[in-house]
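Next comes input_34.csv, a file with CSV, C-alpha atoms and all ligand atoms.
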chain,number,residue,atom,x,y,z
A,1,MET,CA,8.5,-53.5,-14.6
A,2,GLN,CA,8.1,-50.7,-17.1
A,3,PHE,CA,8.9,-47.0,-17.1
A,4,GLN,CA,5.2,-46.1,-16.9
A,5,THR,CA,4.7,-48.1,-13.7
A,6,ILE,CA,7.3,-45.9,-11.9
A,7,PRO,CA,5.8,-42.7,-10.3
A,8,GLY,CA,7.7,-39.6,-11.5
A,9,GLN,CA,11.4,-39.8,-12.5
A,10,THR,CA,10.4,-38.3,-15.9
A,11,LYS,CA,13.7,-36.5,-16.5
A,12,LEU,CA,15.8,-39.6,-15.9
A,13,ILE,CA,13.5,-41.9,-17.9
A,14,THR,CA,13.6,-39.4,-20.9
A,15,GLN,CA,17.4,-39.5,-20.6
A,16,PHE,CA,17.5,-43.3,-20.6
A,17,ARG,CA,15.1,-43.5,-23.5
A,18,ALA,CA,17.2,-41.2,-25.6
A,19,MET,CA,20.4,-43.1,-24.7
A,20,VAL,CA,18.9,-46.4,-25.8
A,21,LYS,CA,17.4,-45.0,-29.0
A,22,ASN,CA,20.6,-43.3,-30.0
A,23,ASP,CA,22.7,-46.2,-29.1
A,24,ARG,CA,24.7,-44.1,-26.6
A,25,LEU,CA,24.3,-46.3,-23.5
A,26,PRO,CA,27.3,-46.2,-21.1
A,27,HIS,CA,28.5,-49.7,-20.3
A,28,ALA,CA,28.8,-49.1,-16.6
A,29,ILE,CA,25.9,-47.3,-15.0
A,30,LEU,CA,25.5,-46.4,-11.4
A,31,LEU,CA,22.0,-45.5,-10.1
A,32,MET,CA,22.4,-43.7,-6.8
A,33,GLY,CA,19.5,-42.8,-4.7
A,34,PRO,CA,18.0,-42.9,-1.1
A,35,LYS,CA,16.2,-45.9,0.3
A,36,GLY,CA,12.6,-46.2,-0.8
A,37,SER,CA,13.4,-44.5,-4.1
A,38,ALA,CA,12.9,-46.0,-7.5
A,39,LYS,CA,16.5,-47.2,-8.1
A,40,LEU,CA,15.9,-50.9,-8.5
A,41,PRO,CA,12.6,-50.6,-10.4
A,42,LEU,CA,14.4,-48.1,-12.7
A,43,ALA,CA,17.3,-50.5,-13.3
A,44,ILE,CA,14.9,-53.3,-14.2
A,45,ALA,CA,12.7,-51.1,-16.4
A,46,LEU,CA,15.8,-49.9,-18.2
A,47,ALA,CA,17.1,-53.4,-18.7
A,48,ASN,CA,13.7,-54.5,-20.0
A,49,TYR,CA,13.5,-51.5,-22.3
A,50,ILE,CA,17.0,-52.3,-23.8
A,51,GLN,CA,16.0,-55.9,-24.5
A,52,CYS,CA,12.5,-55.2,-25.9
A,53,GLU,CA,12.3,-56.1,-29.6
A,54,ASN,CA,9.6,-53.7,-30.4
A,55,ARG,CA,10.1,-50.8,-28.0
A,56,ASN,CA,8.6,-47.3,-28.4
A,57,ASP,CA,8.5,-44.8,-25.6
A,58,ASP,CA,8.2,-47.8,-23.3
A,59,VAL,CA,8.5,-51.6,-23.7
A,60,CYS,CA,5.9,-53.2,-26.0
A,61,GLY,CA,4.9,-55.7,-23.3
A,62,THR,CA,4.1,-58.4,-25.8
A,63,CYS,CA,7.3,-59.4,-27.7
A,64,LYS,CA,9.3,-62.6,-26.9
A,65,SER,CA,11.7,-60.6,-24.8
A,66,CYS,CA,9.1,-58.7,-22.8
A,67,LEU,CA,7.2,-61.9,-21.9
A,68,LYS,CA,10.3,-63.2,-20.2
A,69,SER,CA,11.6,-59.9,-18.7
A,70,GLN,CA,8.2,-59.3,-17.1
A,71,LYS,CA,8.7,-62.5,-15.1
A,72,LEU,CA,12.3,-61.6,-14.3
A,73,ILE,CA,13.4,-64.7,-16.3
A,74,HIS,CA,15.1,-63.1,-19.3
A,75,PRO,CA,18.3,-65.1,-19.9
A,76,ASP,CA,20.3,-62.0,-20.8
A,77,ILE,CA,19.2,-60.0,-17.7
A,78,HIS,CA,21.2,-61.2,-14.7
A,79,PHE,CA,20.6,-60.2,-11.2
A,80,CYS,CA,23.0,-60.1,-8.3
A,81,TYR,CA,22.1,-59.1,-4.7
A,82,PRO,CA,23.5,-59.7,-1.2
A,83,VAL,CA,22.7,-63.2,0.2
A,84,VAL,CA,23.5,-65.3,3.2
A,85,LYS,CA,24.5,-69.0,3.6
A,86,LYS,CA,21.7,-71.3,2.4
A,87,GLU,CA,20.8,-74.4,4.2
A,88,ARG,CA,23.4,-77.1,3.5
A,89,LEU,CA,25.6,-74.9,1.3
A,90,LYS,CA,28.7,-73.3,2.6
A,91,ARG,CA,28.6,-69.5,2.8
A,92,GLU,CA,31.4,-69.1,0.3
A,93,ASP,CA,29.6,-71.3,-2.1
A,94,THR,CA,26.2,-69.5,-1.9
A,95,THR,CA,25.4,-66.9,-4.5
A,96,SER,CA,22.4,-65.0,-5.8
A,97,LYS,CA,21.2,-67.9,-8.0
A,98,ASP,CA,20.5,-70.0,-4.9
A,99,PHE,CA,17.9,-67.3,-3.8
A,100,LEU,CA,16.5,-66.6,-7.3
A,101,LEU,CA,13.0,-67.8,-6.6
A,102,GLU,CA,12.8,-65.8,-3.3
A,103,PHE,CA,14.2,-62.8,-5.1
A,104,ARG,CA,11.6,-62.9,-7.9
A,105,THR,CA,8.7,-63.1,-5.5
A,106,PHE,CA,10.1,-60.4,-3.3
A,107,ILE,CA,10.6,-57.9,-6.2
A,108,GLN,CA,7.3,-58.6,-7.8
A,109,ASN,CA,5.5,-57.9,-4.5
A,110,ARG,CA,7.6,-55.1,-3.1
A,111,PRO,CA,9.5,-53.4,-5.9
A,112,PHE,CA,10.4,-50.2,-4.0
A,113,GLU,CA,11.5,-52.1,-0.9
A,114,GLU,CA,14.9,-51.3,0.6
A,115,ILE,CA,17.7,-53.8,0.8
A,116,LYS,CA,17.5,-54.3,4.6
A,117,GLU,CA,14.0,-55.7,4.1
A,118,TRP,CA,15.2,-58.1,1.4
A,119,ILE,CA,17.9,-59.4,3.7
A,120,ALA,CA,15.5,-59.7,6.6
A,121,SER,CA,13.2,-61.8,4.3
A,122,ILE,CA,15.9,-64.4,3.8
A,123,THR,CA,17.6,-64.5,7.2
A,124,SER,CA,17.1,-63.5,10.8
A,125,THR,CA,20.8,-62.6,11.2
A,126,THR,CA,21.6,-59.7,8.9
A,127,SER,CA,25.3,-59.3,9.7
A,128,THR,CA,26.8,-61.7,7.1
A,129,ALA,CA,24.9,-60.7,3.9
A,130,ASN,CA,27.1,-59.7,1.1
A,131,ILE,CA,28.0,-60.3,-2.6
A,132,ASN,CA,30.9,-62.7,-2.3
A,133,THR,CA,34.0,-63.5,-4.3
A,134,LYS,CA,32.4,-66.6,-5.9
A,135,GLU,CA,29.6,-64.4,-7.2
A,136,CYS,CA,32.0,-61.8,-8.6
A,137,ASN,CA,33.9,-64.5,-10.4
A,138,GLU,CA,30.6,-66.0,-11.8
A,139,ILE,CA,29.5,-62.6,-13.1
A,140,VAL,CA,32.8,-62.2,-15.0
A,141,GLN,CA,32.4,-65.6,-16.4
A,142,LYS,CA,28.7,-65.2,-17.4
A,143,LEU,CA,29.3,-61.8,-19.1
A,144,GLY,CA,32.2,-63.4,-21.0
A,145,LEU,CA,29.8,-65.8,-22.7
A,146,GLN,CA,27.7,-65.2,-25.8
A,147,SER,CA,24.3,-63.5,-25.1
A,148,PHE,CA,21.4,-65.9,-25.4
A,149,GLU,CA,19.1,-63.9,-27.6
A,150,GLY,CA,19.3,-60.2,-27.2
A,151,THR,CA,22.0,-57.9,-28.4
A,152,TYR,CA,23.1,-57.1,-24.9
A,153,LYS,CA,24.0,-59.0,-21.8
A,154,ILE,CA,22.9,-57.0,-18.8
A,155,GLN,CA,24.0,-57.4,-15.2
A,156,ILE,CA,22.1,-55.6,-12.4
A,157,ILE,CA,23.9,-55.4,-9.1
A,158,TRP,CA,21.7,-54.5,-6.2
A,159,MET,CA,23.5,-53.0,-4.1
A,160,ALA,CA,27.2,-52.1,-4.8
A,161,GLU,CA,27.8,-51.4,-1.1
A,162,TYR,CA,27.6,-55.2,-0.5
A,163,LEU,CA,30.3,-56.2,-2.9
A,164,ALA,CA,33.1,-58.1,-1.1
A,165,LYS,CA,36.3,-56.2,-0.6
A,166,ASP,CA,38.1,-58.5,-3.0
A,167,SER,CA,35.8,-57.8,-5.9
A,168,ASN,CA,38.8,-56.8,-8.1
A,169,ARG,CA,37.9,-59.0,-11.0
A,170,LEU,CA,34.6,-57.3,-11.3
A,171,LEU,CA,36.4,-53.9,-11.3
A,172,LYS,CA,38.3,-54.9,-14.4
A,173,LEU,CA,35.0,-55.8,-16.1
A,174,ILE,CA,33.6,-52.4,-15.2
A,175,GLU,CA,36.7,-50.7,-16.5
A,176,GLU,CA,36.9,-52.5,-19.7
A,177,PRO,CA,33.4,-53.9,-20.5
A,178,THR,CA,32.9,-55.8,-23.8
A,179,ASP,CA,30.7,-54.1,-26.4
A,180,ASP,CA,27.6,-56.1,-25.7
A,181,THR,CA,27.8,-55.8,-21.9
A,182,ILE,CA,25.9,-53.4,-19.7
A,183,ILE,CA,26.4,-53.3,-16.0
A,184,ILE,CA,23.9,-51.5,-13.9
A,185,LEU,CA,25.0,-50.9,-10.3
A,186,ILE,CA,22.6,-49.6,-7.7
A,187,ALA,CA,23.7,-47.9,-4.5
A,188,GLU,CA,22.6,-45.6,-1.7
A,189,ASN,CA,25.7,-44.5,0.0
A,190,GLN,CA,28.4,-43.0,-2.1
A,191,GLU,CA,30.9,-43.0,0.8
A,192,LYS,CA,30.7,-46.8,1.1
A,193,LEU,CA,31.7,-47.4,-2.5
A,194,LEU,CA,35.2,-48.1,-3.7
A,195,ALA,CA,36.6,-45.0,-5.4
A,196,THR,CA,37.6,-47.2,-8.3
A,197,ILE,CA,33.9,-48.1,-8.9
A,198,LEU,CA,32.8,-44.5,-8.7
A,199,SER,CA,35.3,-43.4,-11.2
A,200,ARG,CA,34.5,-46.0,-13.7
A,201,CYS,CA,30.7,-45.7,-13.8
A,202,GLN,CA,28.4,-43.0,-15.2
A,203,ILE,CA,26.4,-41.9,-12.2
A,204,PHE,CA,22.7,-41.1,-12.4
A,205,ASN,CA,21.1,-39.7,-9.3
A,206,VAL,CA,17.6,-41.0,-8.5
A,207,ALA,CA,15.7,-38.4,-6.5
A,208,LYS,CA,13.4,-39.5,-3.6
A,209,PHE,CA,9.7,-39.4,-4.5
A,210,THR,CA,7.9,-36.1,-4.1
A,211,ASP,CA,4.8,-35.8,-2.0
A,212,GLU,CA,2.7,-35.6,-5.2
A,213,GLU,CA,4.2,-38.8,-6.6
A,214,ILE,CA,3.5,-40.6,-3.3
A,215,ASN,CA,0.0,-39.2,-3.2
A,216,SER,CA,-0.9,-40.3,-6.7
A,217,TYR,CA,0.6,-43.8,-6.1
A,218,LEU,CA,-1.4,-44.1,-2.9
A,219,GLU,CA,-4.6,-42.9,-4.7
A,220,ASN,CA,-4.3,-46.0,-6.8
A,221,LEU,CA,-4.1,-48.3,-3.9
A,222,ASN,CA,-7.2,-49.3,-2.0
A,223,LEU,CA,-6.9,-47.2,1.1
A,224,SER,CA,-9.1,-47.1,4.1
A,225,PRO,CA,-11.2,-43.9,3.9
A,226,THR,CA,-10.4,-43.0,7.5
A,227,LEU,CA,-6.7,-42.8,6.8
A,228,ASN,CA,-5.0,-39.5,7.1
A,229,LYS,CA,-3.2,-39.4,3.7
A,230,GLU,CA,-1.6,-36.1,4.4
A,231,LYS,CA,0.1,-37.5,7.5
A,232,ILE,CA,1.3,-40.6,5.7
A,233,LYS,CA,2.9,-38.5,3.0
A,234,GLN,CA,4.8,-36.5,5.6
A,235,LEU,CA,5.9,-39.5,7.6
A,236,ALA,CA,7.1,-41.3,4.5
A,237,ASP,CA,9.3,-38.3,3.5
A,238,GLY,CA,9.9,-39.5,-0.1
A,239,ASP,CA,10.1,-43.3,0.8
A,240,LEU,CA,7.4,-44.9,-1.3
A,241,GLU,CA,7.7,-48.3,0.4
A,242,LYS,CA,7.3,-46.8,3.8
A,243,ALA,CA,4.2,-44.9,2.6
A,244,ILE,CA,2.7,-48.3,1.5
A,245,HIS,CA,3.5,-49.7,4.9
A,246,LEU,CA,1.9,-46.8,6.6
A,247,THR,CA,-1.3,-47.2,4.7
A,248,GLN,CA,-1.6,-50.5,6.5
A,249,GLN,CA,-1.6,-48.6,9.8
A,250,SER,CA,-4.6,-46.5,10.8
A,251,LYS,CA,-3.4,-44.9,14.0
A,252,THR,CA,-1.0,-42.2,12.8
A,253,ASP,CA,-3.3,-39.5,14.2
A,254,ASP,CA,-3.0,-40.7,17.7
A,255,TYR,CA,0.8,-40.7,17.7
A,256,SER,CA,1.1,-37.0,18.2
A,257,GLU,CA,-0.9,-37.2,21.5
A,258,LEU,CA,1.1,-40.2,22.6
A,259,LEU,CA,4.4,-38.6,21.9
A,260,MET,CA,3.6,-35.4,23.7
A,261,ASN,CA,2.2,-37.2,26.7
A,262,TRP,CA,5.2,-39.4,26.8
A,263,MET,CA,7.6,-36.5,26.7
A,264,ARG,CA,5.7,-34.8,29.5
A,265,VAL,CA,5.8,-37.8,31.9
A,266,SER,CA,9.4,-38.6,31.1
A,267,TRP,CA,10.4,-35.0,31.7
A,268,LYS,CA,8.7,-35.1,35.1
A,269,GLY,CA,10.0,-38.6,35.8
A,270,HIS,CA,6.4,-39.5,36.6
A,271,PRO,CA,6.4,-43.2,37.5
A,272,GLN,CA,2.7,-43.9,36.9
A,273,GLY,CA,2.7,-42.0,33.6
A,274,ILE,CA,5.8,-43.9,32.4
A,275,PHE,CA,4.2,-47.2,33.5
A,276,ASP,CA,1.0,-46.4,31.5
A,277,PHE,CA,3.1,-45.5,28.4
A,278,VAL,CA,5.1,-48.8,28.6
A,279,ASN,CA,1.9,-50.7,28.9
A,280,GLN,CA,0.2,-49.0,26.0
A,281,MET,CA,3.3,-49.6,23.8
A,282,ILE,CA,3.6,-53.3,24.6
A,283,LYS,CA,0.0,-53.9,23.6
A,284,SER,CA,0.7,-52.7,20.1
A,285,ASN,CA,2.4,-54.9,17.5
A,286,LYS,CA,6.0,-54.4,16.2
A,287,GLU,CA,4.9,-52.5,13.1
A,288,GLU,CA,2.8,-50.1,15.2
A,289,GLN,CA,5.7,-49.5,17.6
A,290,LYS,CA,7.9,-48.7,14.7
A,291,VAL,CA,5.4,-46.3,13.2
A,292,PHE,CA,5.3,-44.5,16.5
A,293,TYR,CA,9.0,-44.0,16.5
A,294,GLU,CA,8.9,-43.0,12.8
A,295,TYR,CA,6.4,-40.4,13.9
A,296,GLY,CA,8.8,-39.1,16.5
A,297,ILE,CA,11.6,-38.9,13.9
A,298,HIS,CA,9.3,-37.0,11.6
A,299,PHE,CA,8.2,-34.6,14.3
A,300,PHE,CA,11.7,-33.6,15.3
A,301,ARG,CA,12.9,-33.4,11.7
A,302,GLU,CA,10.2,-30.8,11.1
A,303,TYR,CA,11.1,-29.2,14.4
A,304,LEU,CA,14.7,-28.8,13.3
A,305,VAL,CA,13.6,-27.3,10.1
A,306,TYR,CA,11.9,-24.6,12.2
A,307,LEU,CA,15.0,-24.1,14.4
A,308,TYR,CA,17.1,-23.6,11.2
A,309,THR,CA,14.7,-21.3,9.3
A,310,ARG,CA,12.5,-19.8,12.1
A,311,ASP,CA,9.7,-20.1,9.6
A,312,VAL,CA,6.6,-21.7,11.0
A,313,HIS,CA,5.2,-22.5,7.6
A,314,LYS,CA,8.2,-24.6,6.6
A,315,MET,CA,7.2,-27.2,9.2
A,316,ARG,CA,5.1,-30.0,7.6
A,317,LEU,CA,2.9,-30.3,10.7
A,318,SER,CA,-0.7,-29.7,11.6
A,319,ASP,CA,-1.6,-26.4,13.4
A,320,LYS,CA,-1.8,-28.3,16.7
A,321,GLU,CA,1.6,-29.9,16.2
A,322,ARG,CA,3.1,-26.6,15.3
A,323,ASN,CA,1.8,-25.1,18.5
A,324,THR,CA,3.3,-27.9,20.5
A,325,ALA,CA,6.6,-27.5,18.6
A,326,LEU,CA,6.7,-23.7,19.3
A,327,GLN,CA,6.2,-24.4,23.0
A,328,MET,CA,9.3,-26.6,23.1
A,329,ILE,CA,11.7,-23.9,21.9
A,330,LYS,CA,12.9,-23.0,25.3
A,331,THR,CA,13.4,-26.6,26.4
A,332,ILE,CA,14.7,-28.4,23.3
A,333,ASP,CA,17.6,-27.0,21.3
A,334,GLU,CA,19.1,-28.4,18.1
A,335,GLU,CA,21.4,-30.8,19.8
A,336,LYS,CA,18.7,-32.3,22.0
A,337,ALA,CA,16.4,-32.6,19.0
A,338,GLN,CA,19.1,-34.5,17.2
A,339,SER,CA,19.7,-36.8,20.2
A,340,LEU,CA,16.0,-37.6,20.4
A,341,SER,CA,15.9,-38.5,16.7
A,342,GLU,CA,18.8,-40.8,17.2
A,343,LEU,CA,17.1,-42.4,20.2
A,344,PHE,CA,14.0,-43.1,18.1
A,345,ASN,CA,16.0,-44.4,15.3
A,346,GLU,CA,18.0,-46.8,17.5
A,347,SER,CA,14.7,-47.9,19.0
A,348,ILE,CA,13.4,-49.0,15.6
A,349,HIS,CA,16.5,-51.1,15.1
A,350,MET,CA,16.0,-52.6,18.6
A,351,ILE,CA,12.4,-53.5,17.7
A,352,ASP,CA,13.7,-55.2,14.6
A,353,ARG,CA,16.1,-57.2,16.7
A,354,ASN,CA,13.1,-58.4,18.9
A,355,ILE,CA,14.4,-56.8,22.1
A,356,ASN,CA,12.0,-57.1,25.1
A,357,GLY,CA,9.4,-54.3,24.8
A,358,LYS,CA,9.0,-53.6,28.5
A,359,ILE,CA,12.8,-53.1,28.9
A,360,LEU,CA,13.1,-51.0,25.7
A,361,PHE,CA,10.2,-48.6,26.5
A,362,SER,CA,11.1,-48.2,30.1
A,363,ALA,CA,14.8,-47.5,29.4
A,364,ASN,CA,13.7,-45.2,26.6
A,365,SER,CA,11.5,-43.1,28.9
A,366,PHE,CA,14.4,-42.5,31.3
A,367,GLN,CA,16.7,-41.7,28.4
A,368,LEU,CA,14.1,-39.3,26.9
A,369,GLY,CA,13.9,-37.5,30.3
A,370,ARG,CA,17.7,-37.2,30.5
A,371,ILE,CA,18.1,-35.9,26.9
A,372,MET,CA,15.4,-33.2,27.5
A,373,LYS,CA,17.0,-32.1,30.7
A,374,GLY,CA,20.5,-32.1,29.0
A,375,ALA,CA,21.7,-34.4,31.8
A,401,ZN,ZN,8.8,-56.0,-26.1
Show this structure as structure tokens.
Ligand SMILES: [Zn+2]
Amino acid sequence: MQFQTIPGQTKLITQFRAMVKNDRLPHAILLMGPKGSAKLPLAIALANYIQCENRNDDVCGTCKSCLKSQKLIHPDIHFCYPVVKKERLKREDTTSKDFLLEFRTFIQNRPFEEIKEWIASITSTTSTANINTKECNEIVQKLGLQSFEGTYKIQIIWMAEYLAKDSNRLLKLIEEPTDDTIIILIAENQEKLLATILSRCQIFNVAKFTDEEINSYLENLNLSPTLNKEKIKQLADGDLEKAIHLTQQSKTDDYSELLMNWMRVSWKGHPQGIFDFVNQMIKSNKEEQKVFYEYGIHFFREYLVYLYTRDVHKMRLSDKERNTALQMIKTIDEEKAQSLSELFNESIHMIDRNINGKILFSANSFQLGRIMKGA
């Protein structure tokens, strides 16, 4: 991971570069940004840059340090992330190092992926994943030792929201770090962080990707020529990993028709229409089902933009979609549009939890009708 492999983020990267060159690095850094943004790749690129023995505007890529950091095996760059119980280990004894191989593979394949997907890749039950007390104690211990080869020992913590409540020892380290220690915390939700952590770190905000950045990244991937890139950009809404997932889908154009038709039959409570919708949905795979609901969320997000601004051109929708949106004004107000987005969002979680499709899509259709009628 290098600065130049991250789309955009120029301002932040320039700032990091200057801090390293002028030896003015804060010892506790918090990278705060939405899911699908460049927080983790930035943290890794910064750590690699700090350790590079021959750095210029970016890492040299060839020094002893770079050869290790590229493979995520640098002995002075430590990673910590939420994990779950592993096989015969007890939960309280399991820490990041027990999942190190899985982590390296995951990050090398999907660097912009969100934390939820990491957890899903190591377990089917997501509820217990965290960064436990043993791990916090180990971090304190590790950072108390001499560095192996670099000048700095760097600890990356992906994601601070998952720190166990009793991570006090770690707080002390963040408050009074030793000279050769740098802690880089990553987080999405400021409200879920301990105030003590927030007050002790220098916070850097990582913006979500712009449409242009997503576009140029997608240009470099091998996309199917039939794909509607414009639509993908809109659906992804700054989430690069989601954009990559969407490129693997080819049906985004049809979702608009499907959504409108579904709303029509649900509004009328038309049994055959609902039956046809449910049947069409259960024939698609989980990913396609999720993309359909993502589309619904996207549509109503843009619709809400119109309700707030009354400016047709602010809606990132096609002409046809805009017309449909304008026809809804009398029926669907702000509150209903919010409820619909929540319904779609909840449905995505249900699909992730492998709920029976027939039940989900039928229940959804009735719920959709009720929300539209304000019942
Ligand atoms: Zn180097």
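From atom CA of Glu294 of chain A back to atom CA of Ile119 of chain A, the distance works out to 20.8 Å.
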May I have the residues within 10 Å of segment 237-239 of chain A as a PDB file with C-alpha atoms, in the coordinates of the input, using all atoms listed in the file and disregarding those fewer than 2 positions away in the same chain?
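File result38.pdb, as written:
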ATOM      1  CA  PRO A  34      18.000 -42.900  -1.100  1.00  0.00           C
ATOM      2  CA  LYS A  35      16.200 -45.900   0.300  1.00  0.00           C
ATOM      3  CA  GLY A  36      12.600 -46.200  -0.800  1.00  0.00           C
ATOM      4  CA  SER A  37      13.400 -44.500  -4.100  1.00  0.00           C
ATOM      5  CA  ALA A  38      12.900 -46.000  -7.500  1.00  0.00           C
ATOM      6  CA  PHE A 112      10.400 -50.200  -4.000  1.00  0.00           C
ATOM      7  CA  GLU A 113      11.500 -52.100  -0.900  1.00  0.00           C
ATOM      8  CA  GLU A 114      14.900 -51.300   0.600  1.00  0.00           C
ATOM      9  CA  ALA A 207      15.700 -38.400  -6.500  1.00  0.00           C
ATOM     10  CA  LYS A 208      13.400 -39.500  -3.600  1.00  0.00           C
ATOM     11  CA  PHE A 209       9.700 -39.400  -4.500  1.00  0.00           C
ATOM     12  CA  THR A 210       7.900 -36.100  -4.100  1.00  0.00           C
ATOM     13  CA  ASP A 211       4.800 -35.800  -2.000  1.00  0.00           C
ATOM     14  CA  GLU A 212       2.700 -35.600  -5.200  1.00  0.00           C
ATOM     15  CA  GLU A 213       4.200 -38.800  -6.600  1.00  0.00           C
ATOM     16  CA  ILE A 214       3.500 -40.600  -3.300  1.00  0.00           C
ATOM     17  CA  ILE A 232       1.300 -40.600   5.700  1.00  0.00           C
ATOM     18  CA  LYS A 233       2.900 -38.500   3.000  1.00  0.00           C
ATOM     19  CA  GLN A 234       4.800 -36.500   5.600  1.00  0.00           C
ATOM     20  CA  LEU A 235       5.900 -39.500   7.600  1.00  0.00           C
ATOM     21  CA  GLU A 241       7.700 -48.300   0.400  1.00  0.00           C
ATOM     22  CA  LYS A 242       7.300 -46.800   3.800  1.00  0.00           C
ATOM     23  CA  ALA A 243       4.200 -44.900   2.600  1.00  0.00           C
ATOM     24  CA  ILE A 244       2.700 -48.300   1.500  1.00  0.00           C
ATOM     25  CA  HIS A 298       9.300 -37.000  11.600  1.00  0.00           C
TER      26      HIS A 298
END
key: Expected selection as JSON, numbers by chain for ligand ZN 401 (chain A) within 10 Å, all atoms listed in the file   = {"A": [48, 49, 50, 51, 52, 53, 54, 55, 56, 58, 59, 60, 61, 62, 63, 64, 65, 66, 67, 68, 69, 70]}
query = So which residues touch segment 324-335 of chain A within 10 Å, counting all atoms listed in the file, skipping near sequence neighbours fewer than 5 positions away, as a list in words?
reply = Ser256, Met260, Phe299, Phe300, Glu302, Tyr303, Leu304, Val305, Tyr306, Leu307, Tyr308, Val312, Met315, Leu317, Ser318, Asp319, Leu340, Ser341, Ile371, Met372, Lys373 and Gly374 of chain A
inquiry  = I'd like to know which of A:Lys11, A:Lys165, A:Lys172, A:Lys85 is closest to Leu194 of chain A, using all atoms listed in the file.
reply    = A:Lys165
Residue nearest Ala47 of chain A - candidates A:Asn345, A:Gln2, A:Ser339, A:Gln280, atoms counted: all atoms listed in the file = A:Gln2
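Counting all atoms listed in the file, the residue from A:Ser362, A:Leu30, A:Asn109, A:Arg370 that sits nearest to Leu198 of chain A is A:Leu30.
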message = Quick one: residues within 10 Å of Val291 of chain A, all atoms listed in the file, excluding same-chain residues fewer than 3 positions away - as number ranges by chain?
response = A: 235, 242, 245-246, 249, 251-252, 255, 286-288, 294-297, 348
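Counting from atom CA of Lys192 of chain A, the distance to atom CA of Ile139 of chain A is 21.3 Å.
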task = Pick out the residues sitting within 12 Å of Phe366 of chain A, and hand them over as a VMD selection string; count all atoms listed in the file, and ignore anything fewer than 3 positions along from it in its own chain.
result = chain A and resid 262 to 271 273 to 275 278 343 359 to 363 369 to 373 375
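Atom CA of Ala236 of chain A is positioned 20.0 Å from atom CA of Ala187 of chain A.
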inquiry  = Can you tell me which residues surround Leu170 of chain A at a distance of at most 8 Å, considering all atoms listed in the file, apart from same-chain residues fewer than 3 positions away, and format the answer as an MDAnalysis selection string?
reply    = chainID A and resid 136:137 139:140 167 173:174
Give one line per residue of segment 61-115 of chain A that approaches segment 149-157 of chain A to at most 7 Å, naming the two atoms of the closest pair and their distance in Å to one decimal, counting all atoms listed in the file; sort by chain then ascending residue number and deliver it as a Markdown table.
| residue | atom | partner | partner_atom | distance |
| --- | --- | --- | --- | --- |
| A:Asp76 | CA | A:Lys153 | CA | 4.9 |
| A:Ile77 | CA | A:Ile154 | CA | 4.9 |
| A:His78 | CA | A:Gln155 | CA | 4.7 |
| A:Phe79 | CA | A:Ile156 | CA | 5.0 |
| A:Cys80 | CA | A:Ile157 | CA | 4.9 |
| A:Tyr81 | CA | A:Ile157 | CA | 6.0 |
query = How would you write as a ChimeraX atom specification the residues that get within 10 Å of (31.4, -45.5, -18.2) in the file's frame, counting all atoms listed in the file?
reply = /A:25-30,174-177,182-183,197-203
Nearest residue to Asp180 of chain A from the set A:Ser347, A:Asn261, A:Ser147, A:Gln289 (distances using all atoms listed in the file) = A:Ser147
With N, CA and C atoms as the target, complete segment 136-146 of chain A and hand it back as a PDB file, in the frame of the given file.
ATOM      1  N   CYS A 136      31.252 -62.719  -7.717  1.00  0.00           N
ATOM      2  CA  CYS A 136      32.000 -61.800  -8.600  1.00  0.00           C
ATOM      3  C   CYS A 136      32.619 -62.576  -9.757  1.00  0.00           C
ATOM      4  N   ASN A 137      33.224 -63.708  -9.404  1.00  0.00           N
ATOM      5  CA  ASN A 137      33.900 -64.500 -10.400  1.00  0.00           C
ATOM      6  C   ASN A 137      32.822 -65.053 -11.433  1.00  0.00           C
ATOM      7  N   GLU A 138      31.674 -65.448 -10.917  1.00  0.00           N
ATOM      8  CA  GLU A 138      30.600 -66.000 -11.800  1.00  0.00           C
ATOM      9  C   GLU A 138      30.094 -64.879 -12.748  1.00  0.00           C
ATOM     10  N   ILE A 139      30.017 -63.651 -12.245  1.00  0.00           N
ATOM     11  CA  ILE A 139      29.500 -62.600 -13.100  1.00  0.00           C
ATOM     12  C   ILE A 139      30.511 -62.363 -14.269  1.00  0.00           C
ATOM     13  N   VAL A 140      31.788 -62.339 -13.934  1.00  0.00           N
ATOM     14  CA  VAL A 140      32.800 -62.200 -15.000  1.00  0.00           C
ATOM     15  C   VAL A 140      32.676 -63.257 -16.032  1.00  0.00           C
ATOM     16  N   GLN A 141      32.494 -64.483 -15.527  1.00  0.00           N
ATOM     17  CA  GLN A 141      32.400 -65.600 -16.400  1.00  0.00           C
ATOM     18  C   GLN A 141      31.145 -65.538 -17.320  1.00  0.00           C
ATOM     19  N   LYS A 142      30.016 -65.251 -16.685  1.00  0.00           N
ATOM     20  CA  LYS A 142      28.700 -65.200 -17.400  1.00  0.00           C
ATOM     21  C   LYS A 142      28.768 -64.109 -18.475  1.00  0.00           C
ATOM     22  N   LEU A 143      29.315 -62.942 -18.140  1.00  0.00           N
ATOM     23  CA  LEU A 143      29.300 -61.800 -19.100  1.00  0.00           C
ATOM     24  C   LEU A 143      30.344 -62.081 -20.210  1.00  0.00           C
ATOM     25  N   GLY A 144      31.232 -63.039 -20.003  1.00  0.00           N
ATOM     26  CA  GLY A 144      32.200 -63.400 -21.000  1.00  0.00           C
ATOM     27  C   GLY A 144      31.587 -64.294 -22.096  1.00  0.00           C
ATOM     28  N   LEU A 145      30.442 -64.894 -21.790  1.00  0.00           N
ATOM     29  CA  LEU A 145      29.800 -65.800 -22.700  1.00  0.00           C
ATOM     30  C   LEU A 145      28.975 -65.049 -23.766  1.00  0.00           C
ATOM     31  N   GLN A 146      28.599 -65.734 -24.839  1.00  0.00           N
ATOM     32  CA  GLN A 146      27.700 -65.200 -25.800  1.00  0.00           C
ATOM     33  C   GLN A 146      26.339 -64.838 -25.178  1.00  0.00           C
TER      34      GLN A 146
END
